[in-house]
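Undergrad: Just passing along the structure, written as structure tokens.
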Amino acid sequence: MKKVLFCIVCLNMALLCFGQPVKVKLVAEREAFVLFGDERYDLKKGEIRWITLEGEAMYGRRLWANEECFLFLEAGDALEVVLHENNELELKDDGSLCATRNNWLRKVNLLKQRLQYSQLIPQLLPKEYEGLNLERACDSLNVWLATYLEEYPADRKNFEKVMRTEFKYYRLLEENSIKFSRATFQEFSKDALAGFAELIPDAEDDRVVHSPSYWRMVEMYVDYLRVEDPRGLQGKGDRIYENELKLAKYFPKGTVRDEIAYTNLDNILYWVRPDSRKEFDKCVKRLPPRYAVILQKKLNKQDAERKDRKLVPENLFPSLSGETVDGERVDLSSFKGVWILLDV
């Protein structure tokens, strides 16, 4: 009985921790805009904006505000981001593991930037980075991670897995000179493709979705699968939306597959017209609820914007007046119900 009670208590504690929201505080000492994940936040000088994330145990998010950095946040974390007047970005060090972890990630990101400089504009590199190459950079990253985890063993639970995955696919991206998520797979060797194929077994662990390099590689690999479709999972070519869901089935069930299905539909959202709305809605309903809600909101917004632009009776023409070539004053509203050609 005691064992049962102990298990119940542990389960409740785990659920409580899982349900804790993540709080990100944006403090603007200057007028600025911040890109965080898929959202943009426009801030006035002196403004404080709170961002709340809830419903997941972990979040991997890209933050951009005059500097790009990758944030890794876990349930219950709180992080303060200060946008200084001198355009500097600060992740406030409040002594928490969250602040320590994300400031360490900025150090990782800086080394990646230095590697890019060494390849493109080596003359701008500080002396301590002279001779920097991919091998040296990857060695440094692995040493830094081992040192960090020795000092902060609590981060071995999830963060270690994400960073091991990140370093693995970061190296693959750099070795194959992939700078953007879209690339032509025909340019890659069979050995390279074999490395990319590891994306599928690695997807067995939901945590890998939080690695930006892993996800960049996934986007490319899905493009490859869309063309090659080696297992013949796709149906007829006119089943556009359904085929995008089928592509996700190359990956095992879990977060990665769900994210691919959502992203594929999101990328072709602008194709949806009234005559194909039912087909699209059927595909959206097959997504997990949290993704379906996001897509429905985007689609409703898109429909409203199209209606505003469409020439329909309820969309009145704008108020417009001017002079004819003969100097006569004319108001466009006087021609209501008549076809008019405006030669401007």
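Residues are referred to by chain and number: the chain letter is A, B, ... according to the order shown in the structure tokens, the number counts from 1 in that chain, and ligands are numbered separately from 1 in the order shown.
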Can you list, as a list in words, every protein, DNA or RNA residue that comes within 10 Å of stretch 34-44 of chain A when you count only C-alpha atoms, leaving out same-chain residues fewer than 2 positions away?
TA: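 Selected residues are Leu26, Val27, Ala28, Glu29, Arg30, Glu31, Ala32, Gly46, Glu47, Ile48, Arg49, Ile51, Tyr59, Gly60, Arg61, Arg62, Leu63, Trp64, Ala65, Asn66, Glu67, Glu68, Cys69, Phe70, Leu71 and Leu83 of chain A.
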Undergrad: Could you write out that same residue set with N, CA and C atoms as a CSV table (one decimal), in the first residue's frame?
TA:
```
chain,number,residue,atom,x,y,z
A,26,LEU,N,10.1,40.4,-21.2
A,26,LEU,CA,10.8,41.3,-22.1
A,26,LEU,C,10.8,42.7,-21.5
A,27,VAL,N,12.0,43.2,-21.3
A,27,VAL,CA,12.1,44.6,-20.7
A,27,VAL,C,12.8,45.4,-21.8
A,28,ALA,N,12.1,46.4,-22.3
A,28,ALA,CA,12.6,47.3,-23.4
A,28,ALA,C,13.1,48.6,-22.9
A,29,GLU,N,14.4,48.8,-22.9
A,29,GLU,CA,15.0,50.1,-22.5
A,29,GLU,C,15.1,51.0,-23.8
A,30,ARG,N,14.6,50.5,-24.9
A,30,ARG,CA,14.6,51.2,-26.2
A,30,ARG,C,13.4,50.7,-27.0
A,31,GLU,N,13.0,51.4,-28.0
A,31,GLU,CA,12.0,50.9,-28.9
A,31,GLU,C,12.6,49.7,-29.7
A,32,ALA,N,11.9,48.6,-29.8
A,32,ALA,CA,12.5,47.4,-30.4
A,32,ALA,C,11.4,46.5,-30.8
A,46,GLY,N,10.7,51.5,-22.5
A,46,GLY,CA,10.1,51.4,-21.2
A,46,GLY,C,9.1,50.4,-21.0
A,47,GLU,N,8.7,49.7,-22.0
A,47,GLU,CA,7.6,48.7,-21.9
A,47,GLU,C,8.1,47.4,-21.4
A,48,ILE,N,7.3,46.7,-20.6
A,48,ILE,CA,7.6,45.4,-20.2
A,48,ILE,C,6.5,44.4,-20.7
A,49,ARG,N,6.9,43.4,-21.3
A,49,ARG,CA,5.9,42.4,-21.9
A,49,ARG,C,6.2,41.0,-21.4
A,51,ILE,N,5.6,37.0,-21.7
A,51,ILE,CA,5.2,35.9,-22.6
A,51,ILE,C,5.0,34.6,-21.8
A,59,TYR,N,10.6,23.6,-24.1
A,59,TYR,CA,10.4,24.5,-25.3
A,59,TYR,C,11.8,24.8,-25.8
A,60,GLY,N,12.0,24.6,-27.1
A,60,GLY,CA,13.2,25.1,-27.8
A,60,GLY,C,12.7,26.3,-28.7
A,61,ARG,N,13.2,27.5,-28.4
A,61,ARG,CA,12.7,28.7,-29.1
A,61,ARG,C,13.9,29.5,-29.7
A,62,ARG,N,13.7,30.1,-30.8
A,62,ARG,CA,14.6,31.0,-31.4
A,62,ARG,C,14.2,32.4,-30.9
A,63,LEU,N,15.2,33.2,-30.4
A,63,LEU,CA,14.9,34.6,-30.0
A,63,LEU,C,15.8,35.5,-30.8
A,64,TRP,N,15.2,36.5,-31.4
A,64,TRP,CA,16.0,37.4,-32.2
A,64,TRP,C,15.6,38.9,-31.8
A,65,ALA,N,16.6,39.6,-31.4
A,65,ALA,CA,16.5,41.1,-31.1
A,65,ALA,C,17.8,41.7,-31.3
A,66,ASN,N,18.2,42.0,-32.5
A,66,ASN,CA,19.6,42.5,-32.8
A,66,ASN,C,20.6,41.5,-32.6
A,67,GLU,N,20.2,40.3,-32.2
A,67,GLU,CA,21.1,39.2,-32.0
A,67,GLU,C,20.2,37.9,-32.0
A,68,GLU,N,20.7,36.9,-32.7
A,68,GLU,CA,19.9,35.6,-32.7
A,68,GLU,C,20.5,34.7,-31.6
A,69,CYS,N,19.6,34.1,-30.9
A,69,CYS,CA,20.1,33.1,-29.9
A,69,CYS,C,19.0,32.0,-29.7
A,70,PHE,N,19.4,30.9,-29.3
A,70,PHE,CA,18.5,29.7,-29.1
A,70,PHE,C,18.3,29.6,-27.6
A,71,LEU,N,17.0,29.5,-27.2
A,71,LEU,CA,16.7,29.4,-25.8
A,71,LEU,C,16.1,28.0,-25.6
A,83,LEU,N,16.5,44.4,-23.3
A,83,LEU,CA,16.9,45.1,-24.5
A,83,LEU,C,17.5,46.4,-24.2
```
Undergrad: Please report, as a ChimeraX atom specification, each residue of stretch 220-255 of chain A to which DSSP assigns helix (DSSP H, G or I) when run on this structure's backbone.
TA: /A:220-228,240-248,255
Undergrad: Given the choices A:Phe251, A:Phe72, A:Trp50, A:Trp339, which gets closest to A:Asn158 if the distance is worked out from only C-alpha atoms?
TA: A:Phe72
Undergrad: Report, in Å with one decimal, the straight-line distance from atom CA of A:Asn267 to atom CA of A:Pro212.
TA: 17.9 Å
Undergrad: Nearest to A:Thr52 among A:Gly131, A:Pro122, A:Gly76, A:Pro21, with distances taken over only C-alpha atoms: which residue is it?
TA: A:Pro21
Undergrad: Would you pick out the contacts of A:Val162 at 12 Å or less, using only C-alpha atoms, so that residues sharing its chain but fewer than 3 positions from it are not included, and give the list as a ChimeraX atom specification?
TA: /A:58-60,70-73,105,145,155-159,165-170,202-203,205-215
Undergrad: Select, from A:Leu225, A:Ala154, A:Val24, A:Leu132, the residue with the minimum atom-to-atom distance to A:Val81, counting only C-alpha atoms.
TA: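 Of A:Leu225, A:Ala154, A:Val24, A:Leu132, the one nearest A:Val81, counting only C-alpha atoms, is A:Val24.
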Undergrad: Need the shell around stretch 235-246 of chain A: protein/DNA/RNA residues with any atom at most 7 Å away, counting only C-alpha atoms. Skip same-chain ones fewer than 4 positions apart. Format as a PyMOL selection string?
TA: chain A and resi 261+264-265+280+283
Undergrad: Residues of stretch 10-254 of chain A classed as strand (DSSP E or B) by DSSP on the backbone are to be reported as a VMD selection string.
TA: chain A and resid 22 to 28 32 to 36 39 to 43 48 to 53 58 to 64 68 to 74 78 to 83 89 to 91
Undergrad: Could you list, as a list in words, every residue within 8 Å of stretch 173-178 of chain A, counting only C-alpha atoms and ignoring same-chain residues fewer than 5 positions away?
TA: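 Counting only the stated atoms, we get Leu134, Ala183, Phe188, Ala192, Ser213 and Met217 of chain A.
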Undergrad: Interatomic distance between atom CA of A:Ile268 and atom CA of A:Gly232?
TA: 21.3 Å
Undergrad: For A:Ser96, find every residue with an atom within 9 Å (counting only C-alpha atoms), except residues of its own chain fewer than 6 positions away, and show them as a ChimeraX atom specification.
TA: /A:77-79
Undergrad: Just the residues within 8 Å of A:Gly195, please, counting only C-alpha atoms, with nothing from its chain fewer than 4 positions along; format it as a PyMOL selection string.
TA: chain A and resi 172+191+199
Undergrad: Please report as JSON lines every residue of stretch 211-262 of chain A lying within 10 Å of stretch 289-300 of chain A, along with the nearest atom pair and their distance in Å (one decimal), using only C-alpha atoms.
TA:
```
{"residue": "A:Asp258", "atom": "CA", "partner": "A:Tyr291", "partner_atom": "CA", "distance": 8.4}
{"residue": "A:Glu259", "atom": "CA", "partner": "A:Tyr291", "partner_atom": "CA", "distance": 8.3}
{"residue": "A:Ala261", "atom": "CA", "partner": "A:Tyr291", "partner_atom": "CA", "distance": 9.3}
{"residue": "A:Tyr262", "atom": "CA", "partner": "A:Tyr291", "partner_atom": "CA", "distance": 6.3}
```
Undergrad: For the residues in that selection, give me all heavy atoms as a tab-separated table (two decimals), in the first residue's frame.
TA:
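Result file is part_26.tsv:
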```tsv
chain	number	residue	atom	x	y	z
A	258	ASP	N	4.28	14.75	-35.49
A	258	ASP	CA	3.21	15.74	-35.34
A	258	ASP	C	3.66	17.12	-35.82
A	258	ASP	O	2.91	17.83	-36.49
A	258	ASP	CB	2.76	15.83	-33.88
A	258	ASP	CG	2.07	14.57	-33.40
A	258	ASP	OD1	1.62	13.78	-34.24
A	258	ASP	OD2	2.00	14.37	-32.17
A	259	GLU	N	4.89	17.48	-35.47
A	259	GLU	CA	5.43	18.78	-35.85
A	259	GLU	C	5.59	18.88	-37.37
A	259	GLU	O	5.34	19.92	-37.98
A	259	GLU	CB	6.77	19.02	-35.17
A	259	GLU	CG	7.30	20.43	-35.28
A	259	GLU	CD	6.62	21.42	-34.35
A	259	GLU	OE1	6.04	21.00	-33.33
A	259	GLU	OE2	6.68	22.62	-34.65
A	261	ALA	N	3.83	17.18	-39.67
A	261	ALA	CA	2.49	17.26	-40.27
A	261	ALA	C	1.94	18.69	-40.15
A	261	ALA	O	1.40	19.24	-41.12
A	261	ALA	CB	1.56	16.28	-39.58
A	262	TYR	N	2.10	19.28	-38.98
A	262	TYR	CA	1.63	20.66	-38.77
A	262	TYR	C	2.38	21.63	-39.68
A	262	TYR	O	1.76	22.47	-40.36
A	262	TYR	CB	1.81	21.06	-37.30
A	262	TYR	CG	1.80	22.55	-37.10
A	262	TYR	CD1	0.61	23.28	-37.18
A	262	TYR	CD2	2.98	23.25	-36.85
A	262	TYR	CE1	0.60	24.65	-37.02
A	262	TYR	CE2	2.98	24.63	-36.69
A	262	TYR	CZ	1.79	25.33	-36.77
A	262	TYR	OH	1.79	26.68	-36.62
```
